[in-house]
>>> print(open('input.txt').read())   # compact mmCIF, C-alpha atoms
# COMPACT_ATOMS: atom_id res chain seq x y z
CA MET E 407 0.00 0.00 0.00
CA ASP E 408 1.26 3.44 -0.88
CA TRP E 409 1.29 5.44 2.32
CA ARG E 410 0.87 8.69 0.30
CA PRO E 411 -2.40 8.13 -1.58
CA ALA E 412 -4.54 11.00 -2.91
CA VAL E 413 -6.69 10.98 0.23
CA VAL E 414 -4.68 11.61 3.36
CA THR E 415 -5.72 11.02 6.94
CA GLN E 416 -3.40 12.96 9.20
CA VAL E 417 -3.26 12.99 12.99
CA PHE E 418 -1.37 15.29 15.34
CA GLY E 419 -1.26 14.55 19.06
CA ASN E 420 -2.01 11.37 20.96
CA HIS E 421 -3.39 8.79 18.56
CA PRO E 422 -4.21 5.34 20.04
CA ASN E 423 -1.95 3.64 17.47
CA LEU E 424 1.01 5.53 18.93
CA LEU E 425 0.66 4.12 22.44
CA GLY E 426 3.98 2.81 23.68
CA LEU E 427 6.10 4.97 21.37
CA PRO E 428 8.47 7.54 22.88
CA LEU E 429 6.51 10.51 21.53
CA THR E 430 8.83 13.08 23.11
CA LEU E 431 11.70 11.72 20.99
CA LEU E 432 9.98 11.44 17.61
CA SER E 433 11.19 14.82 16.32
CA SER E 434 14.72 13.86 17.34
CA TYR E 435 14.45 10.56 15.44
CA PHE E 436 13.48 12.49 12.32
CA LEU E 437 16.48 14.81 12.75
CA TRP E 438 18.94 12.01 13.53
CA TYR E 439 17.89 9.51 10.87
CA PRO E 440 18.52 11.50 7.65
CA VAL E 441 21.89 12.78 8.91
CA SER E 442 23.02 9.27 9.90
CA LEU E 443 21.59 7.77 6.71
CA TYR E 444 23.45 10.34 4.62
CA ASN E 445 26.73 9.50 6.39
CA TYR E 446 26.13 5.76 5.99
CA ALA E 447 25.27 6.03 2.29
CA ARG E 448 28.21 8.34 1.62
CA LEU E 449 30.60 5.89 3.28
CA CYS E 450 29.10 2.98 1.28
CA GLY E 451 29.47 5.00 -1.92
CA TRP E 452 33.04 5.95 -1.04
CA LEU E 453 33.97 2.31 -0.29
CA ALA E 454 32.23 1.00 -3.42
CA ASN E 455 34.06 3.55 -5.56
CA ASP E 456 37.58 3.16 -4.19
CA GLY E 457 37.57 6.43 -2.25
CA ASP E 458 36.19 8.58 -5.08
CA GLU E 459 34.42 11.42 -3.24
CA LYS E 460 32.50 12.65 -6.29
CA ALA E 461 31.15 9.14 -6.93
CA ALA E 462 30.26 8.84 -3.23
CA ARG E 463 28.15 12.03 -3.43
CA ALA E 464 26.45 10.73 -6.59
CA TYR E 465 25.73 7.44 -4.80
CA VAL E 466 24.02 9.32 -1.95
CA GLU E 467 21.77 11.12 -4.42
CA GLU E 468 20.94 7.77 -6.06
CA VAL E 469 20.13 5.99 -2.78
CA LEU E 470 18.39 8.58 -0.60
CA PRO E 471 14.84 9.48 -1.60
CA PRO E 472 14.77 13.15 -2.68
CA PRO E 473 12.50 14.32 0.19
CA VAL E 474 14.86 12.72 2.75
CA LEU E 475 17.92 14.32 1.17
CA ARG E 476 16.23 17.73 0.99
CA TYR E 477 14.95 17.35 4.59
CA ARG E 478 18.49 16.50 5.68
CA ASN E 479 19.89 19.55 3.89
CA LYS E 480 17.21 22.07 4.90
CA VAL E 481 16.15 20.83 8.34
CA ALA E 482 18.13 18.02 9.98
CA ALA E 483 21.76 18.92 9.25
CA HIS E 484 21.17 22.66 9.61
CA PHE E 485 18.03 24.76 9.59
CA ALA E 486 17.69 26.64 6.32
CA LEU E 487 16.58 29.65 8.35
CA ALA E 488 20.07 29.95 9.84
CA ASP E 489 21.98 28.75 6.76
CA SER E 490 19.97 29.87 3.75
CA ARG E 491 20.72 29.26 0.09
CA PRO E 492 19.73 31.47 -2.86
CA ASP E 493 16.92 29.09 -3.89
CA ASP E 494 15.27 29.06 -0.42
CA THR E 495 11.94 30.83 -0.36
CA PRO E 496 10.61 32.66 2.71
CA ALA E 497 8.26 29.69 3.23
CA ASP E 498 11.19 27.22 3.09
CA LEU E 499 13.07 29.24 5.69
CA ALA E 500 10.09 29.38 8.06
CA ALA E 501 9.25 25.70 7.58
CA SER E 502 12.82 24.62 8.33
CA VAL E 503 12.27 25.18 12.06
CA LEU E 504 8.83 23.52 12.25
CA LEU E 505 9.39 19.93 13.36
CA PRO E 506 6.06 18.23 14.04
CA VAL E 507 5.81 14.55 13.25
CA SER E 508 2.53 13.44 11.73
CA PHE E 509 0.74 10.10 11.70
CA ILE E 510 -0.45 9.79 8.10
CA ASN E 511 -2.24 6.74 6.71
CA GLY E 512 -0.61 4.43 9.23
CA ARG E 513 2.90 5.90 8.94
CA LEU E 514 4.93 8.31 10.99
CA ALA E 515 5.99 11.13 8.71
CA ALA E 516 8.07 14.28 8.83
CA ARG E 517 6.70 17.48 7.38
CA GLY E 518 3.15 16.30 6.82
CA PHE E 519 2.23 19.77 5.63
CA ARG E 520 3.42 22.68 3.53
CA ILE E 521 3.20 26.31 4.55
CA THR E 522 2.66 29.47 2.56
CA VAL E 523 4.26 32.78 3.53
CA VAL E 524 3.09 36.04 2.05
CA SER E 525 5.80 38.72 1.92
CA ASP E 526 6.43 41.92 -0.01
CA ASP E 527 7.71 39.73 -2.86
CA GLY E 528 4.42 37.80 -2.96
CA PRO E 529 3.41 34.38 -1.68
CA SER E 530 5.74 31.39 -1.47
CA THR E 531 4.97 27.80 -0.51
CA SER E 532 7.48 25.52 1.16
CA ASP E 533 8.93 22.51 -0.63
CA ASP E 534 7.21 19.15 -0.17
CA LEU E 535 9.62 17.44 2.24
CA MET E 536 7.21 14.80 3.56
CA TRP E 537 8.74 11.38 4.12
CA SER E 538 8.11 8.40 6.39
CA LEU E 539 10.97 7.13 8.52
CA THR E 540 9.55 3.61 8.68
CA ASP E 541 8.86 3.48 4.93
CA VAL E 542 12.36 4.67 4.02
CA HIS E 543 14.00 2.35 6.54
CA GLU E 544 12.05 -0.67 5.30
CA LYS E 545 13.03 0.00 1.68
CA LEU E 546 16.68 0.59 2.51
CA SER E 547 16.72 -2.49 4.77
CA GLU E 548 15.98 -4.55 1.69
CA ARG E 549 18.78 -2.83 -0.24
CA TYR E 550 21.40 -3.17 2.49
CA GLY E 551 20.23 -6.39 4.14
CA TRP E 552 19.64 -4.77 7.53
CA PRO E 553 17.85 -7.08 9.98
CA ALA E 554 14.24 -6.50 10.93
CA PRO E 555 13.64 -5.23 14.48
CA PRO E 556 12.79 -7.92 17.02
CA PRO E 557 9.07 -8.52 17.59
CA GLY E 558 7.62 -6.28 20.26
CA ASN E 559 10.49 -3.76 20.03
CA LYS E 560 8.89 -0.46 21.03
CA ALA E 561 12.13 1.52 20.94
CA SER E 562 11.81 2.32 17.25
CA PRO E 563 8.85 4.12 15.63
CA GLY E 564 6.42 1.79 13.94
CA SER E 565 7.68 -1.46 15.44
CA GLY E 566 5.80 -3.43 18.04
CA THR E 567 2.65 -1.38 17.54
CA ASN E 568 -0.23 -1.61 15.17
CA VAL E 569 1.30 1.09 13.00
CA GLN E 570 1.42 -0.31 9.47
CA ARG E 571 4.84 -1.80 8.76
>>> encode(input="input.txt", output="structure tokens")
Amino acid sequence: MDWRPAVVTQVFGNHPNLLGLPLTLLSSYFLWYPVSLYNYARLCGWLANDGDEKAARAYVEEVLPPPVLRYRNKVAAHFALADSRPDDTPADLAASVLLPVSFINGRLAARGFRITVVSDDGPSTSDDLMWSLTDVHEKLSERYGWPAPPPGNKASPGSGTNVQR
């Protein structure tokens, strides 16, 4: 099942399916994961390409889903608000410091929304940076052969609960 169908059910707050998850740490998981994943993929790319740094960067862009890479660059590694780039819109800058985690169609997701900022230059809407930690991890687990979490493990989002896996 695609967790991002045309009709989205989104929940903020205490949803019964989230019982047992460390809710106070969810935002931190979504900051930590893309930075660590980037480092892991870059090292794999570097090793697979005999230390070629350019090839390692290309490998990262091939492996990481675009929303995860953009979220890493604009939110997790450094907030765009404090380290802006010429292509950042006012909405991107404001959204870079908004960290709520959403429960969308059975998945925990970062940036389950987009914001619009109206300034003297006109309106701008933030990039779509929505991604699911559990979805990305499951897909990359297949690629890298990472083991599945043990049954009943409630230390990681989406495992040991009735959140769709």
>>> closest_residue(input="input.txt", among="E:Gly426, E:Pro440, E:Pro492, E:Gly457", to="Val542 in chain E", atoms="all atoms listed in the file")
E:Pro440
>>> residues_near_point(input="input.txt", point="(30.2, 4.0, -2.5)", cutoff="10 Å", atoms="only C-alpha atoms", output="PyMOL selection string")
chain E and resi 446-466
>>> closest_residue(input="input.txt", among="E:Ala554, E:Leu431, E:Leu424, E:Met536", to="Tyr477 in chain E", atoms="only C-alpha atoms")
E:Met536
>>> closest_residue(input="input.txt", among="E:Val507, E:Val441, E:Ser525, E:Thr495", to="Asn479 in chain E", atoms="all atoms listed in the file")
E:Val441
>>> closest_residue(input="input.txt", among="E:Leu429, E:Leu437, E:Leu539, E:Val524", to="Val503 in chain E", atoms="all atoms listed in the file")
E:Leu437
>>> residues_around(input="input.txt", residues="Arg549 in chain E", least_positions_apart="3", cutoff="12 Å", atoms="all atoms listed in the file", output="PyMOL selection string")
chain E and resi 447+450+469-470+542-546+552-553
>>> residues_around(input="input.txt", residues="Leu487 in chain E", least_positions_apart="6", cutoff="8 Å", atoms="all atoms listed in the file", output="list in words")
Asp498, Leu499, Ala500, Ser502 and Val503 of chain E
>>> residues_around(input="input.txt", residues="Pro472 in chain E", least_positions_apart="5", cutoff="10 Å", atoms="only C-alpha atoms", output="list of chain:residue names")
E:Glu467, E:Tyr477, E:Arg478, E:Asp534, E:Leu535, E:Met536, E:Trp537
>>> closest_residue(input="input.txt", among="E:Tyr550, E:Tyr444, E:Tyr435, E:Phe485", to="Ala515 in chain E", atoms="all atoms listed in the file")
E:Tyr435
